[in-house]
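Asks: entry-v5.txt is the file, holding compact mmCIF, C-alpha atoms:
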```txt
# COMPACT_ATOMS: atom_id res chain seq x y z
CA MET K 1 0.00 0.00 0.00
CA LYS K 2 2.61 2.54 -1.13
CA PHE K 3 -0.08 5.12 -1.97
CA SER K 4 -2.54 4.68 0.88
CA GLY K 5 -4.47 7.90 1.36
CA LYS K 6 -3.07 9.38 -1.87
CA THR K 7 -4.87 10.54 -4.99
CA ALA K 8 -3.65 10.14 -8.57
CA ILE K 9 -4.76 11.50 -11.93
CA VAL K 10 -3.72 9.33 -14.87
CA THR K 11 -4.46 10.89 -18.26
CA GLY K 12 -5.20 8.58 -21.15
CA SER K 13 -5.92 5.69 -18.81
CA SER K 14 -8.84 3.92 -20.49
CA SER K 15 -6.41 1.50 -22.21
CA GLY K 16 -2.78 0.59 -22.70
CA ILE K 17 -0.05 1.78 -20.36
CA GLY K 18 -2.34 4.32 -18.69
CA ARG K 19 -4.82 1.59 -17.81
CA GLY K 20 -2.02 -0.51 -16.33
CA VAL K 21 -0.74 2.42 -14.28
CA ALA K 22 -4.22 3.25 -12.97
CA LEU K 23 -4.79 -0.35 -11.88
CA ALA K 24 -1.36 -0.61 -10.25
CA PHE K 25 -1.77 2.66 -8.35
CA ALA K 26 -5.15 1.48 -7.08
CA VAL K 27 -3.66 -1.80 -5.85
CA GLU K 28 -1.16 0.30 -3.90
CA GLY K 29 -3.99 2.21 -2.24
CA ALA K 30 -4.43 5.35 -4.34
CA ALA K 31 -7.78 6.83 -5.28
CA VAL K 32 -7.51 7.13 -9.06
CA VAL K 33 -9.03 9.49 -11.60
CA VAL K 34 -9.27 7.57 -14.87
CA ASN K 35 -9.20 10.00 -17.78
CA PHE K 36 -10.40 9.34 -21.32
CA PRO K 37 -10.62 11.76 -24.28
CA THR K 38 -13.97 11.13 -25.98
CA VAL K 39 -17.22 9.23 -25.44
CA ALA K 40 -15.88 6.51 -27.74
CA GLN K 41 -13.58 5.43 -24.89
CA ALA K 42 -16.18 5.76 -22.12
CA ALA K 43 -16.93 2.04 -21.88
CA ASP K 44 -13.23 1.19 -21.59
CA ALA K 45 -12.71 3.85 -18.92
CA ASN K 46 -15.71 2.66 -16.93
CA ALA K 47 -14.36 -0.89 -17.14
CA VAL K 48 -11.11 0.28 -15.52
CA VAL K 49 -13.09 1.97 -12.74
CA THR K 50 -15.16 -1.17 -12.22
CA ALA K 51 -12.03 -3.32 -11.97
CA ILE K 52 -10.56 -0.97 -9.37
CA GLN K 53 -13.77 -0.89 -7.34
CA GLN K 54 -14.13 -4.66 -7.45
CA GLY K 55 -10.64 -4.87 -5.97
CA GLY K 56 -11.73 -2.65 -3.08
CA GLY K 57 -10.27 0.57 -4.48
CA ARG K 58 -11.69 3.98 -5.30
CA ALA K 59 -11.86 5.47 -8.78
CA ILE K 60 -13.89 7.69 -11.06
CA ALA K 61 -13.83 8.13 -14.83
CA VAL K 62 -13.66 11.65 -16.24
CA GLN K 63 -13.91 12.53 -19.92
CA ALA K 64 -11.57 15.37 -20.80
CA ASP K 65 -9.55 16.39 -23.84
CA VAL K 66 -6.33 17.27 -22.03
CA SER K 67 -5.12 19.40 -24.92
CA SER K 68 -7.93 21.80 -23.89
CA GLU K 69 -7.22 24.25 -21.07
CA ALA K 70 -10.84 24.26 -19.97
CA ASP K 71 -11.01 20.46 -19.92
CA CYS K 72 -7.80 20.22 -17.88
CA THR K 73 -9.22 22.64 -15.32
CA ARG K 74 -12.41 20.60 -15.14
CA LEU K 75 -10.51 17.31 -14.80
CA ILE K 76 -8.45 18.61 -11.90
CA GLY K 77 -11.61 20.04 -10.32
CA GLU K 78 -13.37 16.66 -10.56
CA CYS K 79 -10.42 15.05 -8.81
CA GLU K 80 -10.52 17.58 -6.00
CA ALA K 81 -14.29 17.32 -5.61
CA HIS K 82 -14.28 13.52 -5.28
CA PHE K 83 -10.97 12.65 -3.64
CA GLY K 84 -9.17 15.87 -2.75
CA PRO K 85 -6.11 17.37 -4.43
CA ALA K 86 -3.90 15.22 -6.63
CA ASP K 87 -0.76 13.87 -4.98
CA THR K 88 0.40 12.30 -8.24
CA LEU K 89 -0.13 13.27 -11.86
CA VAL K 90 0.72 10.91 -14.69
CA ASN K 91 0.77 12.67 -18.06
CA ASN K 92 0.17 9.66 -20.26
CA ALA K 93 -2.36 10.67 -22.93
CA GLY K 94 -0.94 10.08 -26.39
CA ILE K 95 -1.46 9.10 -30.01
CA ALA K 96 0.80 7.64 -32.68
CA ASN K 97 0.60 7.59 -36.46
CA VAL K 98 2.99 7.35 -39.39
CA ALA K 99 3.83 10.05 -41.94
CA LEU K 100 6.92 11.18 -43.82
CA VAL K 101 7.80 14.82 -43.17
CA HIS K 102 7.46 15.89 -46.81
CA GLU K 103 3.98 14.37 -46.93
CA MET K 104 2.77 15.45 -43.47
CA PRO K 105 -0.10 17.96 -43.22
CA VAL K 106 0.49 20.77 -40.75
CA ALA K 107 -2.65 19.69 -38.90
CA GLN K 108 -1.13 16.25 -38.24
CA TRP K 109 2.00 17.83 -36.76
CA ASP K 110 -0.05 20.23 -34.64
CA GLN K 111 -2.30 17.47 -33.33
CA MET K 112 0.68 15.40 -32.22
CA PHE K 113 2.10 18.30 -30.23
CA ALA K 114 -1.29 19.23 -28.79
CA VAL K 115 -1.95 15.72 -27.49
CA HIS K 116 1.54 15.11 -26.12
CA VAL K 117 3.15 18.43 -25.25
CA ARG K 118 0.37 20.96 -24.72
CA ASP K 119 -1.47 18.58 -22.41
CA THR K 120 1.68 17.87 -20.40
CA PHE K 121 2.14 21.60 -19.87
CA LEU K 122 -1.51 22.28 -19.04
CA MET K 123 -1.92 19.43 -16.56
CA THR K 124 1.43 20.08 -14.91
CA ARG K 125 0.66 23.78 -14.56
CA GLY K 126 -2.75 22.90 -13.16
CA VAL K 127 -1.60 20.66 -10.32
CA LEU K 128 1.65 22.40 -9.37
CA PRO K 129 0.29 25.26 -7.23
CA GLY K 130 -1.42 22.82 -4.87
CA MET K 131 1.55 20.47 -4.75
CA LEU K 132 3.92 23.35 -4.00
CA ALA K 133 1.64 24.64 -1.26
CA ARG K 134 1.59 21.19 0.36
CA GLY K 135 5.31 20.64 -0.15
CA HIS K 136 4.87 17.27 -1.82
CA GLY K 137 3.89 15.81 -5.16
CA ARG K 138 4.86 13.51 -7.97
CA ILE K 139 4.57 14.28 -11.68
CA ILE K 140 5.45 11.57 -14.19
CA SER K 141 5.17 12.01 -17.95
CA THR K 142 5.27 9.33 -20.62
CA ALA K 143 8.04 9.91 -23.15
CA SER K 144 9.48 7.29 -25.53
CA GLN K 145 12.80 5.67 -26.30
CA LEU K 146 12.29 6.98 -29.85
CA ALA K 147 12.96 10.48 -28.54
CA TYR K 148 16.59 9.34 -28.21
CA LYS K 149 17.04 7.25 -31.36
CA GLY K 150 14.58 8.73 -33.85
CA ALA K 151 12.42 6.77 -36.25
CA ALA K 152 11.60 7.25 -39.93
CA GLY K 153 7.95 8.15 -40.34
CA PHE K 154 7.64 9.26 -36.73
CA ALA K 155 9.36 12.67 -36.78
CA HIS K 156 6.31 14.41 -35.28
CA TYR K 157 5.98 11.75 -32.56
CA THR K 158 9.67 11.66 -31.63
CA ALA K 159 9.88 15.46 -31.60
CA ALA K 160 6.89 15.67 -29.26
CA LYS K 161 8.33 13.05 -26.92
CA GLY K 162 11.69 14.83 -26.93
CA ALA K 163 9.90 18.03 -25.98
CA ILE K 164 8.34 16.27 -22.99
CA ILE K 165 11.80 15.21 -21.77
CA SER K 166 13.21 18.71 -22.19
CA PHE K 167 10.17 20.23 -20.45
CA THR K 168 10.61 17.82 -17.55
CA ARG K 169 14.26 18.76 -17.07
CA SER K 170 13.55 22.48 -16.99
CA VAL K 171 10.60 22.16 -14.61
CA ALA K 172 12.72 19.94 -12.35
CA LEU K 173 15.16 22.84 -11.96
CA GLU K 174 12.31 25.23 -11.19
CA LEU K 175 11.03 22.91 -8.47
CA ALA K 176 14.44 22.69 -6.77
CA ASP K 177 13.92 21.43 -3.18
CA SER K 178 10.17 22.04 -3.12
CA GLY K 179 9.28 18.45 -2.26
CA VAL K 180 7.71 17.99 -5.70
CA THR K 181 9.46 15.71 -8.17
CA ILE K 182 8.95 15.52 -11.92
CA ASN K 183 10.32 12.70 -14.06
CA CYS K 184 9.66 10.73 -17.24
CA VAL K 185 9.24 7.12 -18.22
CA ALA K 186 10.31 6.38 -21.80
CA PRO K 187 8.91 2.94 -22.67
CA GLY K 188 10.17 1.03 -25.62
CA ALA K 189 7.68 -0.38 -28.13
CA THR K 190 4.83 -1.81 -26.05
CA ARG K 191 1.84 -3.89 -27.06
CA THR K 192 -0.97 -1.35 -26.70
CA PRO K 193 -3.76 0.02 -28.91
CA ILE K 194 -1.61 3.06 -29.75
CA LEU K 195 0.33 0.84 -32.19
CA ALA K 196 -2.78 -0.40 -34.00
CA ASP K 197 -2.17 1.81 -37.03
CA VAL K 198 1.51 0.92 -37.43
CA PRO K 199 1.99 -1.49 -40.37
CA ALA K 200 2.83 -5.09 -39.45
CA ALA K 201 6.09 -5.03 -41.45
CA ARG K 202 7.22 -1.94 -39.56
CA MET K 203 6.36 -3.57 -36.23
CA GLU K 204 8.47 -6.58 -37.16
CA GLU K 205 11.42 -4.29 -37.90
CA ILE K 206 10.98 -2.71 -34.49
CA ARG K 207 10.85 -6.10 -32.76
CA ARG K 208 14.04 -7.31 -34.46
CA ALA K 209 15.89 -4.20 -33.30
CA ILE K 210 15.20 -4.94 -29.61
CA PRO K 211 18.03 -6.94 -28.00
CA LEU K 212 15.59 -8.85 -25.77
CA GLY K 213 13.77 -9.91 -28.95
CA ARG K 214 10.25 -8.87 -28.06
CA LEU K 215 7.96 -5.90 -27.60
CA ALA K 216 7.20 -4.95 -24.03
CA GLU K 217 3.99 -5.93 -22.36
CA VAL K 218 2.26 -3.30 -20.23
CA ASP K 219 3.30 -5.17 -17.08
CA ASP K 220 6.95 -4.69 -18.08
CA VAL K 221 6.51 -0.91 -18.08
CA VAL K 222 4.13 -0.11 -15.22
CA PRO K 223 6.58 -0.75 -12.32
CA SER K 224 8.66 2.24 -13.45
CA TYR K 225 5.70 4.55 -12.81
CA VAL K 226 4.98 2.97 -9.43
CA PHE K 227 8.61 3.44 -8.41
CA LEU K 228 8.82 7.10 -9.44
CA ALA K 229 5.53 7.88 -7.68
CA SER K 230 6.57 6.14 -4.49
CA GLU K 231 8.70 7.28 -1.57
CA GLU K 232 11.50 5.10 -2.96
CA GLY K 233 11.69 7.45 -5.96
CA ARG K 234 12.18 10.56 -3.83
CA HIS K 235 15.75 11.27 -5.05
CA TYR K 236 14.84 11.14 -8.76
CA GLN K 237 14.39 14.61 -10.22
CA GLY K 238 14.32 15.55 -13.90
CA GLN K 239 15.22 12.00 -14.86
CA CYS K 240 14.01 9.70 -17.61
CA ILE K 241 14.01 5.95 -17.02
CA SER K 242 13.44 3.69 -19.99
CA PRO K 243 12.11 0.10 -19.84
CA ASN K 244 12.93 -0.66 -23.48
CA GLY K 245 14.46 -4.14 -23.66
CA GLY K 246 17.88 -2.76 -24.56
CA ASP K 247 16.66 -0.85 -27.61
CA VAL K 248 18.35 2.34 -26.34
CA PHE K 249 20.98 2.79 -23.65
CA LEU K 250 20.39 6.07 -21.80
```
Would you mind writing the file out in structure tokens?

Replies:
Amino acid sequence: MKFSGKTAIVTGSSSGIGRGVALAFAVEGAAVVVNFPTVAQAADANAVVTAIQQGGGRAIAVQADVSSEADCTRLIGECEAHFGPADTLVNNAGIANVALVHEMPVAQWDQMFAVHVRDTFLMTRGVLPGMLARGHGRIISTASQLAYKGAAGFAHYTAAKGAIISFTRSVALELADSGVTINCVAPGATRTPILADVPAARMEEIRRAIPLGRLAEVDDVVPSYVFLASEEGRHYQGQCISPNGGDVFL
């Protein structure tokens, strides 16, 4: 029960890594706000809440487009109304798609940065005043090992993930010895719905490039989030840890 009495917001937690993080935090005692972007994901989000409640935990599902300032404010308000202020924020909402730079519409580039970078800024800015006032908090953002190695067809994605890492480092310096930590997890390729649109041949290339010879499962990645959110992660600040099967050495 590492998080007994604590509250966590996990954006993009109706499926994939976010779902795994939400479930793991609940097992450790946290009350969890399960976020999903549109009504199309409502059933999945409610299923996560049901699983948490059946395990004796507390959770609510809140629809919010976290690239929207108003939605972020509402999401944080829902957390506070139901469970109190957030002790932990996991910026996990994300999308992935493939496009070569010379063929990429500006709207596709802008959407990638809105979903990954703008939301990380908005949610972080939203929870920080309360965390600073209390002298404690954990912020963890989902980056990617591709931010370090690059990937053809994913320039918009890797650039956005690199921006998250850079943002985290700068905010870590601003937080100094405030009692609030901010860090990243940069998973390697992981079997989640976010990869559904990646061609099978491309996925096989990715798999062959991983020294351990396989894509990660969600359970391979989630413990990194639990560690950084826990008291054991108290001396990590501005760091990026990467469960990637040896794909990239940080």

Asks: So for region 94-102 of chain K, what box centre and size do we get, axis-aligned, 6 Å extra on each of the six sides, every listed atom, Å to one decimal, as AutoDock Vina command-line options?

Replies:
```
--center_x 3.2 --center_y 11.6 --center_z -36.6 --size_x 21.3 --size_y 20.5 --size_z 32.4
```

Asks: Hey, what's within 12 Å of region 220-222 of chain K if we count all atoms listed in the file and toss same-chain stuff fewer than 3 positions away? As a PyMOL selection string, please?

Replies: chain K and resi 16-25+90+92+140+142+144+185-192+214-217+225-229+241-245

Asks: Can you write out the residues you just picked, keeping C-alpha atoms, as a PDB file, in the coordinates of the input?

Replies:
```
ATOM      1  CA  GLY K  16      -2.780   0.590 -22.700  1.00  0.00           C
ATOM      2  CA  ILE K  17      -0.050   1.780 -20.360  1.00  0.00           C
ATOM      3  CA  GLY K  18      -2.340   4.320 -18.690  1.00  0.00           C
ATOM      4  CA  ARG K  19      -4.820   1.590 -17.810  1.00  0.00           C
ATOM      5  CA  GLY K  20      -2.020  -0.510 -16.330  1.00  0.00           C
ATOM      6  CA  VAL K  21      -0.740   2.420 -14.280  1.00  0.00           C
ATOM      7  CA  ALA K  22      -4.220   3.250 -12.970  1.00  0.00           C
ATOM      8  CA  LEU K  23      -4.790  -0.350 -11.880  1.00  0.00           C
ATOM      9  CA  ALA K  24      -1.360  -0.610 -10.250  1.00  0.00           C
ATOM     10  CA  PHE K  25      -1.770   2.660  -8.350  1.00  0.00           C
ATOM     11  CA  VAL K  90       0.720  10.910 -14.690  1.00  0.00           C
ATOM     12  CA  ASN K  92       0.170   9.660 -20.260  1.00  0.00           C
ATOM     13  CA  ILE K 140       5.450  11.570 -14.190  1.00  0.00           C
ATOM     14  CA  THR K 142       5.270   9.330 -20.620  1.00  0.00           C
ATOM     15  CA  SER K 144       9.480   7.290 -25.530  1.00  0.00           C
ATOM     16  CA  VAL K 185       9.240   7.120 -18.220  1.00  0.00           C
ATOM     17  CA  ALA K 186      10.310   6.380 -21.800  1.00  0.00           C
ATOM     18  CA  PRO K 187       8.910   2.940 -22.670  1.00  0.00           C
ATOM     19  CA  GLY K 188      10.170   1.030 -25.620  1.00  0.00           C
ATOM     20  CA  ALA K 189       7.680  -0.380 -28.130  1.00  0.00           C
ATOM     21  CA  THR K 190       4.830  -1.810 -26.050  1.00  0.00           C
ATOM     22  CA  ARG K 191       1.840  -3.890 -27.060  1.00  0.00           C
ATOM     23  CA  THR K 192      -0.970  -1.350 -26.700  1.00  0.00           C
ATOM     24  CA  ARG K 214      10.250  -8.870 -28.060  1.00  0.00           C
ATOM     25  CA  LEU K 215       7.960  -5.900 -27.600  1.00  0.00           C
ATOM     26  CA  ALA K 216       7.200  -4.950 -24.030  1.00  0.00           C
ATOM     27  CA  GLU K 217       3.990  -5.930 -22.360  1.00  0.00           C
ATOM     28  CA  TYR K 225       5.700   4.550 -12.810  1.00  0.00           C
ATOM     29  CA  VAL K 226       4.980   2.970  -9.430  1.00  0.00           C
ATOM     30  CA  PHE K 227       8.610   3.440  -8.410  1.00  0.00           C
ATOM     31  CA  LEU K 228       8.820   7.100  -9.440  1.00  0.00           C
ATOM     32  CA  ALA K 229       5.530   7.880  -7.680  1.00  0.00           C
ATOM     33  CA  ILE K 241      14.010   5.950 -17.020  1.00  0.00           C
ATOM     34  CA  SER K 242      13.440   3.690 -19.990  1.00  0.00           C
ATOM     35  CA  PRO K 243      12.110   0.100 -19.840  1.00  0.00           C
ATOM     36  CA  ASN K 244      12.930  -0.660 -23.480  1.00  0.00           C
ATOM     37  CA  GLY K 245      14.460  -4.140 -23.660  1.00  0.00           C
TER      38      GLY K 245
END
```

Asks: Near region 235-239 of chain K, counting only C-alpha atoms, which residues have an atom at most 9 Å away, once you skip same-chain residues fewer than 6 positions from it, shown as a PyMOL selection string?

Replies: chain K and resi 165-166+168-173+176+180-185+228

Asks: Can you find the residues with an atom no farther than 12 Å from (-2.7, 23.9, -11.5), counting all atoms listed in the file, and report them as a list in words?

Replies: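 Residues with an atom close enough to that point: Glu69, Ala70, Cys72, Thr73, Arg74, Leu75, Ile76, Gly77, Glu80, Pro85, Ala86, Leu89, Thr120, Phe121, Leu122, Met123, Thr124, Arg125, Gly126, Val127, Leu128, Pro129, Gly130, Met131, Leu132 and Ala133 of chain K.
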
Asks: Out of K:Val98, K:His116, K:Glu28, K:Pro37, which residue has the shortest atom-to-atom distance to Pro223 (chain K) when counting all atoms listed in the file?

Replies: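 Counting all atoms listed in the file, the residue closest to Pro223 (chain K) is K:Glu28.
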
Asks: Any idea what's packed within 12 Å of Glu78 (chain K), counting all atoms listed in the file, ignoring anything in its chain fewer than 6 positions away? Could you give it as JSON, numbers by chain?

Replies: {"K": [7, 8, 9, 32, 33, 34, 35, 59, 60, 61, 62, 63, 64, 71, 72, 84, 85, 86]}

Asks: Let me make sure I understand: among K:Asn46, K:Gln145, K:Thr11, K:Thr38, which one has the smallest atom-to-atom distance to Ala93 (chain K) if we use all atoms listed in the file?

Replies: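 Answer, going by the shortest atom-to-atom distance: K:Thr11.
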
Asks: Measure the distance from CA of Lys149 (chain K) to CA of Ser13 (chain K) in Å and round it to one decimal.

Replies: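 So the answer is 26.2 Å.
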
Asks: How would you write as a list in words the residues that get within 10 Å of (-0.9, 14.3, -36.3) in the file's frame, counting all atoms listed in the file?

Replies: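 Those residues lying close to the given coordinates are Ile95, Ala96, Asn97, Val98, Ala99, Met104, Pro105, Val106, Ala107, Gln108, Trp109, Asp110, Gln111, Met112, Phe113, Ala114, Val115, Phe154, His156 and Tyr157 of chain K.
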
Asks: So what do you get for CA of Ser178 (chain K) versus CA of Asp87 (chain K), distance-wise?

Replies: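 Between CA of Ser178 (chain K) and CA of Asp87 (chain K) the gap is 13.8 Å.
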
Asks: For CA of Gly56 (chain K) and CA of Gly29 (chain K), determine how far apart the two atoms are, in Å to one decimal place.

Replies: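 We find that CA of Gly56 (chain K) and CA of Gly29 (chain K) lie 9.2 Å from each other.
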